[in-house]
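Trainee: There's a structure below that I have some questions on.
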Amino acid sequence: MQKTIAMTAKRLLHRNLLEKGKPRSTSPSFSHCVFCCRWVRSFTSVIDFRERLSRNRLRDIKLDDAIDLFSDMVKSRPFPSIVDFNRLLSAIVKMKKYDVVISLGKKMEVLGIRNDVYTFNILINCFCSCFQVSLALSLLGKMLKLGFEPDKVTLGSLVNGFCRRDRVSDAVSLVHRMVEIGYKPDIVAYNTIIDSLCKTRRANDALSIFKGIERKGIRPNVVTYTSLVKGLCNSGRWRDAARLLSDMIKRKISPNVITYSALVDAFVKNGKVLEAKELYEEMIRMSIDPDIVTYSSLINGLCMHDRIDEASEMFDLMVSKGCFPDVVSYNTLINGFCKSKRVEDGMKLFREMSQRGLVSNTVTYNTIIQGFFQAGEVDMAQDFFSQMDSFGVSPDIWTYNILLGGLCDNGELEKALVIFEDMQKREMYLDIVTYTIIIQGMCKNGQVEDAWGLFCSLSLKGEKPDVVTYTTMMSGLCRKGLHCEVDSLYTKMKRDGLMLNDGTLCLRDGDITASAKLIKEMLSCGYAPSLLGDRESGRCNKVVSLL
């Protein structure tokens with residue numbers, strides 16, 4: 001049809017342009033032909049854009065091509081419809097190029113292309129995704145001023161934007177204001193708020209919102225219950241979680257794989273592996289197929305409790321059920337094997353990953369390098385480290401810390417110092433853990449003066465010693481009988497805010513084991529350390545008391 005119209009227009013144009021060898025400029029037929037040509041060009045342009053904006057074409061479009069298409073669209077006269085622009089902007093949103101969408105939206109405004117509700121929703125979502133909630137709210141104001149009615153998508157995007165910035169209270173206030181002026185948020189907006197409250201361990205507030213939406217006649221769904229159950233489990237409120245799960249089933253809202261996976265993960269993280277396995281068996285009875293999240297959580301829990309063979313069996317069961325492990329699953333089991341000094345079994349999995357087409361990441365290499373060191377296989381650890389670059393995996397600071405720590409622990413301080421000096425020459429970022437490892441290595445090797453020199457230079461390097469650094473240095477000084485220096489460090493710790501008024505040391509999670517081991521060595525110096533339980537403190541999760 002398009003071709004026929006074009007040929008007809010061409011014949012009319014030819015017939016009316018030529019008379020006695022020159023064009024007839026004032027002929028009505030000529031004007032008609034010009035109109036036909038313009039109409040054909042416009043029609044052809046519409047057909048072209050519709051083809052380029054088809055779902056199949058947009059699904060695989062690259063960013064540069066999308067921007068070129070936008071450029072062609074704004075050059076076209078008349079402009080394509082706002083629906084066509086929305087399709088293109090939505091395709092770019094799927095690439096998570098929110099800043100590009102915002103920029104294109106501004107160009108549309110300058111050109112006088114009017115937004116519809118869908119366009120406003122796209123732009124509000126992009127502002128929220130870029131953590132620019134204030135600009136999203138400004139756009140909402142403009143939307144209302146132009147007479148557009150915000151819908152559930154508008155409100156959902158704004159609520160999500162607030163929650164992503166940990167401004168849950170503002171999200172709740174926004175919902176309340178919208179309700180007051182006659183808008184009715186759907187369960188999606190409330191689910192976002194409930195989930196954010198649960199993730200920040202505000203389970204009571206989440207339950208309060210939950211009860212409130214029920215009074216408003218909004219029916220909670222499986223997502224609502226899943227967030228609440230997980231939040232209660234993570235807060236250690238197992239009975240409340242069980243009651244909620246029971247209530248969910250009574251209301252004929254069937255728990256799905258996400259609900260069960262959330263529960264399994266929460267049980268595992270709280271050391272309740274037996275309960276997690278029972279939940280897994282219940283899933284099977286209810287014909288709910290566990291997914292990779294379920295299996296990975298179970299494998300992780302079993303590894304954490306040194307039940308490596310059971311974890312390996314669960315891994316094999318996952319594969320037999322057609323649920324193929326990802327890099328995280330492999331890393332979890334490899335870590336379990338390495339911690340149990342079964343590095344060869346870990347290496348088998350490492351090779352299996354490659355055979356399955358999975359690319360090992362930095363975590364994989366870090367785990368195996370540490371496993372080799374813990375098994376006393378120093379050369380293997382170093383060889384494995386040297387292979388990283390050739391396989392396109394870049395070592396991070398943790399890789400180097402593992403390497404330095406492994407060498408120091410295995411009596412290879414000189415090699416560790418060579419690597420440490422090379423890191424400094426290359427101006428690599430070194431954290432306090434790196435310096436503490438070297439200080440500890442020097443102290444163990446009897447080089448306490450060198451360790452003391454490095455410790456004293458930390459402030460010049462922009463690093464502040466933590467509890468482990470202090471106790472490491474104090475332990476080394478104790479071995480040399482330098483009690484005055486130990487007392488000096490004890491006083492300095494108070495000044496640095498690492499000690500409470502009652503003489504207890506502030507420790508982050510993960511510092512307890514390292515410091516406890518070192519403090520034991522200070523017994524001979526007249527300090528009597530004892531590990532205490534959790535204390536209520538704004539900055540301290542654990543404490544060690546020096547008596």
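By convention here, the chains of the structure tokens are called A, B, ... in the order presented, each chain's residues are numbered starting at 1, and ligands are numbered starting at 1 in the order presented.
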For range 326-336 of chain A, find every residue with an atom within 7 Å (counting only C-alpha atoms), except residues of its own chain fewer than 5 positions away, and show them as a list of chain:residue names.
Mentor: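 The neighbour list is A:Ser296, A:Ile299, A:Asn300, A:Cys303, A:Ile308, A:Gly346, A:Leu349, A:Leu358, A:Ser360, A:Thr364, A:Thr367.
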Trainee: Please produce a file of those selected residues containing C-alpha atoms, as a compact mmCIF listing (two decimals), in the first residue's frame.
Mentor:
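File written: again-v6.txt
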# COMPACT_ATOMS: atom_id res chain seq x y z
CA SER A 296 22.26 -22.15 48.91
CA ILE A 299 24.32 -25.50 52.13
CA ASN A 300 25.62 -22.40 53.91
CA CYS A 303 28.88 -25.58 56.26
CA ILE A 308 30.36 -30.54 55.21
CA GLY A 346 37.40 -27.52 47.10
CA LEU A 349 34.54 -27.97 42.73
CA LEU A 358 30.84 -20.57 35.34
CA SER A 360 35.24 -17.97 39.21
CA THR A 364 36.49 -18.02 44.88
CA THR A 367 38.69 -18.76 49.62
Trainee: Please provide as a ChimeraX atom specification all residues within 12 Å of Asp170 in chain A, with the sequence filter that same-chain residues fewer than 2 positions apart are discarded (counting only C-alpha atoms).
Mentor: /A:133-134,137,158-168,172-177,193
Trainee: For range 228-243 of chain A, please output as an MDAnalysis selection string all residues within 12 Å (counting only C-alpha atoms; exclusion window: fewer than 3 positions along the same chain).
Mentor: chainID A and resid 190:211 220:225 246:250 255 258:272 275:276 279
Trainee: Output the selection as a compact mmCIF listing (two decimals), in the first residue's frame - N, CA and C atoms for each residue.
Mentor:
# COMPACT_ATOMS: atom_id res chain seq x y z
N TYR A 190 2.31 -0.48 50.25
CA TYR A 190 2.42 -0.90 51.65
C TYR A 190 3.46 -2.01 51.82
N ASN A 191 3.55 -2.91 50.86
CA ASN A 191 4.55 -3.98 50.92
C ASN A 191 5.97 -3.41 50.94
N THR A 192 6.18 -2.35 50.15
CA THR A 192 7.50 -1.71 50.11
C THR A 192 7.87 -1.16 51.48
N ILE A 193 6.91 -0.51 52.13
CA ILE A 193 7.14 0.07 53.45
C ILE A 193 7.39 -1.03 54.48
N ILE A 194 6.54 -2.05 54.47
CA ILE A 194 6.67 -3.17 55.43
C ILE A 194 8.02 -3.86 55.27
N ASP A 195 8.42 -4.10 54.02
CA ASP A 195 9.69 -4.77 53.75
C ASP A 195 10.86 -3.93 54.25
N SER A 196 10.81 -2.61 54.02
CA SER A 196 11.89 -1.73 54.47
C SER A 196 11.98 -1.69 55.99
N LEU A 197 10.83 -1.65 56.66
CA LEU A 197 10.82 -1.66 58.13
C LEU A 197 11.41 -2.97 58.66
N CYS A 198 11.06 -4.07 58.02
CA CYS A 198 11.57 -5.38 58.46
C CYS A 198 13.08 -5.48 58.26
N LYS A 199 13.56 -4.93 57.15
CA LYS A 199 15.01 -4.99 56.86
C LYS A 199 15.82 -4.16 57.85
N THR A 200 15.18 -3.13 58.42
CA THR A 200 15.87 -2.29 59.40
C THR A 200 15.50 -2.70 60.83
N ARG A 201 15.01 -3.94 60.96
CA ARG A 201 14.67 -4.54 62.26
C ARG A 201 13.65 -3.72 63.05
N ARG A 202 12.70 -3.18 62.33
CA ARG A 202 11.60 -2.46 62.99
C ARG A 202 10.32 -3.27 62.80
N ALA A 203 10.37 -4.49 63.30
CA ALA A 203 9.27 -5.43 63.09
C ALA A 203 7.97 -4.94 63.70
N ASN A 204 8.04 -4.30 64.87
CA ASN A 204 6.82 -3.80 65.52
C ASN A 204 6.12 -2.75 64.66
N ASP A 205 6.92 -1.84 64.07
CA ASP A 205 6.34 -0.82 63.19
C ASP A 205 5.72 -1.47 61.95
N ALA A 206 6.40 -2.50 61.43
CA ALA A 206 5.89 -3.22 60.26
C ALA A 206 4.55 -3.89 60.59
N LEU A 207 4.47 -4.51 61.76
CA LEU A 207 3.22 -5.15 62.19
C LEU A 207 2.11 -4.13 62.37
N SER A 208 2.47 -2.94 62.86
CA SER A 208 1.48 -1.88 63.03
C SER A 208 0.90 -1.45 61.68
N ILE A 209 1.76 -1.29 60.68
CA ILE A 209 1.30 -0.96 59.32
C ILE A 209 0.41 -2.07 58.79
N PHE A 210 0.84 -3.31 59.04
CA PHE A 210 0.10 -4.49 58.58
C PHE A 210 -1.34 -4.49 59.14
N LYS A 211 -1.46 -4.23 60.44
CA LYS A 211 -2.79 -4.19 61.06
C LYS A 211 -3.61 -3.02 60.52
N PRO A 220 -3.79 -8.20 52.44
CA PRO A 220 -2.36 -8.52 52.29
C PRO A 220 -2.17 -9.72 51.36
N ASN A 221 -1.03 -9.79 50.72
CA ASN A 221 -0.75 -10.92 49.84
C ASN A 221 0.48 -11.68 50.31
N VAL A 222 0.92 -12.61 49.51
CA VAL A 222 2.03 -13.47 49.91
C VAL A 222 3.31 -12.66 50.13
N VAL A 223 3.48 -11.55 49.38
CA VAL A 223 4.67 -10.71 49.55
C VAL A 223 4.65 -10.04 50.92
N THR A 224 3.48 -9.58 51.34
CA THR A 224 3.34 -8.94 52.66
C THR A 224 3.76 -9.90 53.76
N TYR A 225 3.19 -11.09 53.72
CA TYR A 225 3.48 -12.09 54.75
C TYR A 225 4.94 -12.52 54.72
N SER A 246 0.96 -19.41 60.17
CA SER A 246 -0.29 -20.14 60.38
C SER A 246 -1.49 -19.30 59.93
N ASP A 247 -1.46 -18.00 60.29
CA ASP A 247 -2.53 -17.08 59.89
C ASP A 247 -2.61 -16.97 58.37
N MET A 248 -1.46 -16.96 57.74
CA MET A 248 -1.38 -16.87 56.28
C MET A 248 -2.07 -18.06 55.62
N ILE A 249 -1.80 -19.25 56.15
CA ILE A 249 -2.39 -20.47 55.59
C ILE A 249 -3.89 -20.51 55.84
N LYS A 250 -4.32 -20.05 57.04
CA LYS A 250 -5.76 -20.01 57.36
C LYS A 250 -6.52 -19.11 56.39
N PRO A 255 1.89 -20.00 51.08
CA PRO A 255 3.31 -19.61 51.06
C PRO A 255 3.95 -20.11 49.77
N ILE A 258 9.44 -18.25 47.73
CA ILE A 258 10.13 -17.09 48.32
C ILE A 258 9.91 -17.04 49.83
N THR A 259 8.66 -17.32 50.25
CA THR A 259 8.35 -17.34 51.69
C THR A 259 9.21 -18.37 52.40
N TYR A 260 9.20 -19.58 51.87
CA TYR A 260 9.95 -20.66 52.50
C TYR A 260 11.46 -20.40 52.46
N SER A 261 11.94 -19.88 51.34
CA SER A 261 13.37 -19.58 51.23
C SER A 261 13.80 -18.52 52.24
N ALA A 262 12.91 -17.53 52.44
CA ALA A 262 13.19 -16.49 53.42
C ALA A 262 13.27 -17.08 54.82
N LEU A 263 12.35 -17.99 55.12
CA LEU A 263 12.34 -18.65 56.43
C LEU A 263 13.58 -19.52 56.62
N VAL A 264 13.89 -20.30 55.60
CA VAL A 264 15.07 -21.18 55.67
C VAL A 264 16.33 -20.36 55.92
N ASP A 265 16.46 -19.26 55.16
CA ASP A 265 17.64 -18.40 55.30
C ASP A 265 17.73 -17.79 56.70
N ALA A 266 16.56 -17.34 57.22
CA ALA A 266 16.53 -16.74 58.55
C ALA A 266 16.90 -17.76 59.62
N PHE A 267 16.37 -18.98 59.51
CA PHE A 267 16.69 -20.04 60.47
C PHE A 267 18.18 -20.36 60.45
N VAL A 268 18.72 -20.48 59.24
CA VAL A 268 20.14 -20.82 59.09
C VAL A 268 21.03 -19.75 59.72
N LYS A 269 20.72 -18.47 59.44
CA LYS A 269 21.54 -17.38 59.96
C LYS A 269 21.48 -17.28 61.48
N ASN A 270 20.42 -17.84 62.05
CA ASN A 270 20.30 -17.83 63.50
C ASN A 270 20.69 -19.17 64.12
N GLY A 271 21.39 -19.99 63.33
CA GLY A 271 21.94 -21.24 63.85
C GLY A 271 20.94 -22.37 64.00
N LYS A 272 19.73 -22.23 63.45
CA LYS A 272 18.71 -23.27 63.59
C LYS A 272 18.65 -24.10 62.31
N GLU A 275 15.78 -26.86 62.14
CA GLU A 275 14.48 -26.29 61.77
C GLU A 275 14.45 -25.93 60.28
N ALA A 276 15.58 -25.47 59.76
CA ALA A 276 15.66 -25.12 58.34
C ALA A 276 15.45 -26.35 57.47
N LEU A 279 11.82 -27.31 57.44
CA LEU A 279 11.07 -26.46 56.51
C LEU A 279 11.26 -26.91 55.07
Trainee: CA of Arg495 in chain A and CA of Leu482 in chain A, how far apart in Å?
Mentor: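 Distance reported for this atom pair: 20.6 Å.
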Trainee: So what do you get for CA of Ala66 in chain A versus CA of Pro80 in chain A, distance-wise?
Mentor: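 Distance between the two atoms: 14.9 Å.
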Trainee: At what distance in Å, to one decimal, does CA of Asp68 in chain A lie from CA of Val101 in chain A?
Mentor: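 Calculated distance between CA of Val101 in chain A and CA of Asp68 in chain A is 13.4 Å.
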Trainee: Tell me which protein, DNA and RNA residues are within 10 Å of Glu344 in chain A, counting only C-alpha atoms, leaving out same-chain ones fewer than 4 positions away, and put them as a list of chain:residue names.
Mentor: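 So, after excluding close chain neighbours, the residues are A:Ile334, A:Phe337, A:Cys338, A:Lys348, A:Leu349, A:Phe350, A:Ile368, A:Gly371, A:Phe372.
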Trainee: For the selection you just gave me, I'd like the residues written to a file as an mmCIF file, in the first residue's frame, keeping N, CA and C atoms.
Mentor:
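So the final result, stored in out.cif, reads:
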data_model
loop_
_atom_site.group_PDB
_atom_site.id
_atom_site.type_symbol
_atom_site.label_atom_id
_atom_site.label_comp_id
_atom_site.auth_asym_id
_atom_site.auth_seq_id
_atom_site.Cartn_x
_atom_site.Cartn_y
_atom_site.Cartn_z
ATOM 1 N N ILE A 334 32.808 -24.519 48.541
ATOM 2 C CA ILE A 334 34.279 -24.480 48.491
ATOM 3 C C ILE A 334 34.813 -23.947 49.820
ATOM 4 N N PHE A 337 34.622 -26.639 52.478
ATOM 5 C CA PHE A 337 35.700 -27.629 52.338
ATOM 6 C C PHE A 337 37.033 -27.055 52.822
ATOM 7 N N CYS A 338 37.321 -25.806 52.427
ATOM 8 C CA CYS A 338 38.606 -25.207 52.788
ATOM 9 C C CYS A 338 38.734 -25.014 54.292
ATOM 10 N N LYS A 348 38.341 -29.571 43.406
ATOM 11 C CA LYS A 348 37.484 -30.339 42.473
ATOM 12 C C LYS A 348 36.284 -29.503 42.048
ATOM 13 N N LEU A 349 35.682 -28.836 43.035
ATOM 14 C CA LEU A 349 34.535 -27.970 42.733
ATOM 15 C C LEU A 349 34.956 -26.789 41.867
ATOM 16 N N PHE A 350 36.151 -26.263 42.138
ATOM 17 C CA PHE A 350 36.681 -25.143 41.356
ATOM 18 C C PHE A 350 36.800 -25.542 39.883
ATOM 19 N N ILE A 368 40.093 -20.192 48.243
ATOM 20 C CA ILE A 368 41.021 -21.303 48.009
ATOM 21 C C ILE A 368 42.433 -20.942 48.476
ATOM 22 N N GLY A 371 42.438 -21.358 52.045
ATOM 23 C CA GLY A 371 42.387 -22.794 52.348
ATOM 24 C C GLY A 371 43.756 -23.440 52.263
ATOM 25 N N PHE A 372 44.510 -23.106 51.221
ATOM 26 C CA PHE A 372 45.865 -23.650 51.075
ATOM 27 C C PHE A 372 46.762 -23.221 52.242
#
Trainee: Going by DSSP on the backbone, which bits of range 55-124 of chain A are alpha helix (DSSP H)? Write them as number ranges by chain, please.
Mentor: A: 55-59, 63-75, 82-94, 98-110, 117-124
Trainee: Using the selection just defined, write its residues with N, CA and C atoms as a compact mmCIF listing (two decimals), in the first residue's frame.
Mentor:
# COMPACT_ATOMS: atom_id res chain seq x y z
N ARG A 55 8.20 -4.21 19.83
CA ARG A 55 8.67 -4.87 21.06
C ARG A 55 9.93 -5.69 20.80
N ASN A 56 9.98 -6.39 19.68
CA ASN A 56 11.14 -7.24 19.37
C ASN A 56 12.40 -6.42 19.17
N ARG A 57 12.25 -5.24 18.50
CA ARG A 57 13.42 -4.40 18.25
C ARG A 57 13.91 -3.75 19.53
N LEU A 58 12.98 -3.28 20.36
CA LEU A 58 13.38 -2.59 21.60
C LEU A 58 13.98 -3.53 22.63
N ARG A 59 13.59 -4.80 22.59
CA ARG A 59 14.07 -5.75 23.58
C ARG A 59 15.58 -5.88 23.56
N LEU A 63 22.14 1.10 23.94
CA LEU A 63 21.92 2.47 24.39
C LEU A 63 22.19 3.49 23.28
N ASP A 64 23.31 3.33 22.56
CA ASP A 64 23.64 4.28 21.48
C ASP A 64 22.56 4.28 20.40
N ASP A 65 22.05 3.09 20.07
CA ASP A 65 20.99 3.00 19.06
C ASP A 65 19.71 3.66 19.56
N ALA A 66 19.44 3.49 20.86
CA ALA A 66 18.24 4.10 21.45
C ALA A 66 18.33 5.62 21.38
N ILE A 67 19.51 6.17 21.67
CA ILE A 67 19.69 7.63 21.63
C ILE A 67 19.58 8.14 20.19
N ASP A 68 20.13 7.37 19.23
CA ASP A 68 20.00 7.75 17.81
C ASP A 68 18.54 7.75 17.38
N LEU A 69 17.80 6.76 17.85
CA LEU A 69 16.37 6.67 17.52
C LEU A 69 15.62 7.87 18.09
N PHE A 70 15.94 8.25 19.31
CA PHE A 70 15.30 9.42 19.93
C PHE A 70 15.61 10.67 19.09
N SER A 71 16.86 10.79 18.65
CA SER A 71 17.27 11.94 17.84
C SER A 71 16.46 12.01 16.55
N ASP A 72 16.25 10.86 15.91
CA ASP A 72 15.44 10.81 14.68
C ASP A 72 13.99 11.16 14.98
N MET A 73 13.49 10.73 16.12
CA MET A 73 12.09 10.97 16.47
C MET A 73 11.82 12.46 16.68
N VAL A 74 12.75 13.16 17.35
CA VAL A 74 12.52 14.58 17.62
C VAL A 74 12.76 15.45 16.38
N LYS A 75 13.42 14.89 15.35
CA LYS A 75 13.59 15.61 14.09
C LYS A 75 12.38 15.46 13.19
N ILE A 82 3.21 10.52 21.97
CA ILE A 82 3.85 10.36 23.28
C ILE A 82 3.96 8.89 23.65
N VAL A 83 3.04 8.08 23.13
CA VAL A 83 3.09 6.63 23.39
C VAL A 83 4.39 6.05 22.83
N ASP A 84 4.79 6.53 21.63
CA ASP A 84 6.03 6.04 21.04
C ASP A 84 7.25 6.47 21.86
N PHE A 85 7.23 7.72 22.33
CA PHE A 85 8.33 8.19 23.19
C PHE A 85 8.39 7.37 24.48
N ASN A 86 7.24 7.07 25.04
CA ASN A 86 7.19 6.28 26.29
C ASN A 86 7.78 4.89 26.09
N ARG A 87 7.50 4.32 24.92
CA ARG A 87 8.07 2.98 24.64
C ARG A 87 9.59 3.03 24.65
N LEU A 88 10.14 4.05 24.01
CA LEU A 88 11.59 4.17 23.94
C LEU A 88 12.19 4.44 25.32
N LEU A 89 11.58 5.36 26.07
CA LEU A 89 12.08 5.67 27.41
C LEU A 89 12.02 4.44 28.31
N SER A 90 10.97 3.65 28.21
CA SER A 90 10.84 2.42 29.01
C SER A 90 11.94 1.43 28.69
N ALA A 91 12.31 1.36 27.41
CA ALA A 91 13.40 0.44 27.00
C ALA A 91 14.72 0.88 27.62
N ILE A 92 14.94 2.20 27.71
CA ILE A 92 16.19 2.70 28.31
C ILE A 92 16.17 2.50 29.82
N VAL A 93 15.00 2.62 30.44
CA VAL A 93 14.86 2.35 31.88
C VAL A 93 15.28 0.92 32.19
N LYS A 94 14.92 -0.02 31.32
CA LYS A 94 15.27 -1.42 31.53
C LYS A 94 16.78 -1.63 31.51
N TYR A 98 19.08 5.54 34.12
CA TYR A 98 18.08 6.49 34.58
C TYR A 98 18.46 7.93 34.26
N ASP A 99 19.75 8.25 34.35
CA ASP A 99 20.18 9.62 34.06
C ASP A 99 19.94 9.99 32.60
N VAL A 100 20.09 9.01 31.70
CA VAL A 100 19.84 9.25 30.28
C VAL A 100 18.36 9.55 30.05
N VAL A 101 17.49 8.78 30.69
CA VAL A 101 16.04 8.99 30.55
C VAL A 101 15.67 10.39 31.03
N ILE A 102 16.23 10.81 32.17
CA ILE A 102 15.94 12.14 32.72
C ILE A 102 16.39 13.22 31.73
N SER A 103 17.57 13.04 31.13
CA SER A 103 18.09 14.00 30.16
C SER A 103 17.19 14.08 28.93
N LEU A 104 16.75 12.93 28.42
CA LEU A 104 15.87 12.91 27.24
C LEU A 104 14.52 13.54 27.58
N GLY A 105 14.05 13.31 28.81
CA GLY A 105 12.78 13.90 29.25
C GLY A 105 12.85 15.42 29.23
N LYS A 106 14.01 15.97 29.63
CA LYS A 106 14.19 17.44 29.61
C LYS A 106 14.19 17.97 28.18
N LYS A 107 14.79 17.22 27.24
CA LYS A 107 14.79 17.63 25.83
C LYS A 107 13.38 17.65 25.26
N MET A 108 12.58 16.66 25.66
CA MET A 108 11.19 16.59 25.22
C MET A 108 10.42 17.81 25.72
N GLU A 109 10.69 18.20 26.94
CA GLU A 109 10.00 19.36 27.52
C GLU A 109 10.36 20.64 26.76
N VAL A 110 11.65 20.81 26.44
CA VAL A 110 12.11 21.99 25.71
C VAL A 110 11.46 22.06 24.33
N VAL A 117 0.49 10.68 31.77
CA VAL A 117 0.71 10.09 33.09
C VAL A 117 1.84 9.07 33.05
N TYR A 118 1.87 8.28 31.98
CA TYR A 118 2.88 7.23 31.88
C TYR A 118 4.28 7.84 31.81
N THR A 119 4.43 8.95 31.06
CA THR A 119 5.74 9.63 30.97
C THR A 119 6.17 10.15 32.34
N PHE A 120 5.22 10.80 33.03
CA PHE A 120 5.53 11.31 34.37
C PHE A 120 5.97 10.17 35.30
N ASN A 121 5.28 9.04 35.20
CA ASN A 121 5.63 7.89 36.05
C ASN A 121 7.04 7.38 35.75
N ILE A 122 7.38 7.36 34.46
CA ILE A 122 8.73 6.92 34.07
C ILE A 122 9.78 7.85 34.67
N LEU A 123 9.56 9.15 34.55
CA LEU A 123 10.54 10.13 35.03
C LEU A 123 10.62 10.14 36.55
N ILE A 124 9.47 10.03 37.23
CA ILE A 124 9.47 9.98 38.70
C ILE A 124 10.24 8.75 39.18
Trainee: Using only C-alpha atoms, which protein or nucleic acid residues come within 10 Å of range 455-466 of chain A? Drop anything in the same chain fewer than 3 positions from it, and give the result as number ranges by chain.
Mentor: A: 430-433, 435-436, 438-439, 449-452, 469-473, 493, 496-498, 506-508, 511
Trainee: Skipping near chain neighbours, those fewer than 5 positions away, what residues fall within 10 Å of Tyr365 in chain A using only C-alpha atoms, listed as a list of chain:residue names?
Mentor: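 Listed by chain and then number, they are A:Asn331, A:Phe350, A:Ser360, A:Gln370, A:Gly371, A:Ala381, A:Phe384, A:Phe385, A:Gln387, A:Met388, A:Val393, A:Ser394, A:Pro395, A:Thr399.
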Trainee: Ranking A:Met95, A:Arg52, A:His305, A:Phe391 by minimum distance to Leu274 in chain A and counting only C-alpha atoms, which one comes first?
Mentor: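 The answer is A:His305, which sits nearest to Leu274 in chain A.
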Trainee: Using only C-alpha atoms, determine which residues lie at most 10 Å from Leu417 in chain A, disregarding the query and same-chain residues fewer than 2 positions distant; provide the list as a PyMOL selection string.
Mentor: chain A and resi 404+407-408+412-415+419-423+438+441-442
Trainee: Determine which residues of range 298-514 of chain A receive a DSSP assignment of strand (DSSP E), computed from the backbone, and state them as a PDB file with N, CA and C atoms, in the first residue's frame.
Mentor:
ATOM      1  N   THR A 504      36.379  -1.382  79.595  1.00  0.00           N
ATOM      2  CA  THR A 504      36.157  -2.443  78.610  1.00  0.00           C
ATOM      3  C   THR A 504      36.506  -1.932  77.223  1.00  0.00           C
ATOM      4  N   LEU A 505      36.969  -2.846  76.377  1.00  0.00           N
ATOM      5  CA  LEU A 505      37.362  -2.492  75.020  1.00  0.00           C
ATOM      6  C   LEU A 505      36.188  -2.615  74.068  1.00  0.00           C
ATOM      7  N   CYS A 506      36.038  -1.614  73.186  1.00  0.00           N
ATOM      8  CA  CYS A 506      34.977  -1.667  72.171  1.00  0.00           C
ATOM      9  C   CYS A 506      35.428  -2.535  71.007  1.00  0.00           C
ATOM     10  N   LEU A 507      34.652  -3.552  70.714  1.00  0.00           N
ATOM     11  CA  LEU A 507      34.991  -4.462  69.613  1.00  0.00           C
ATOM     12  C   LEU A 507      33.864  -4.543  68.607  1.00  0.00           C
TER      13      LEU A 507
END
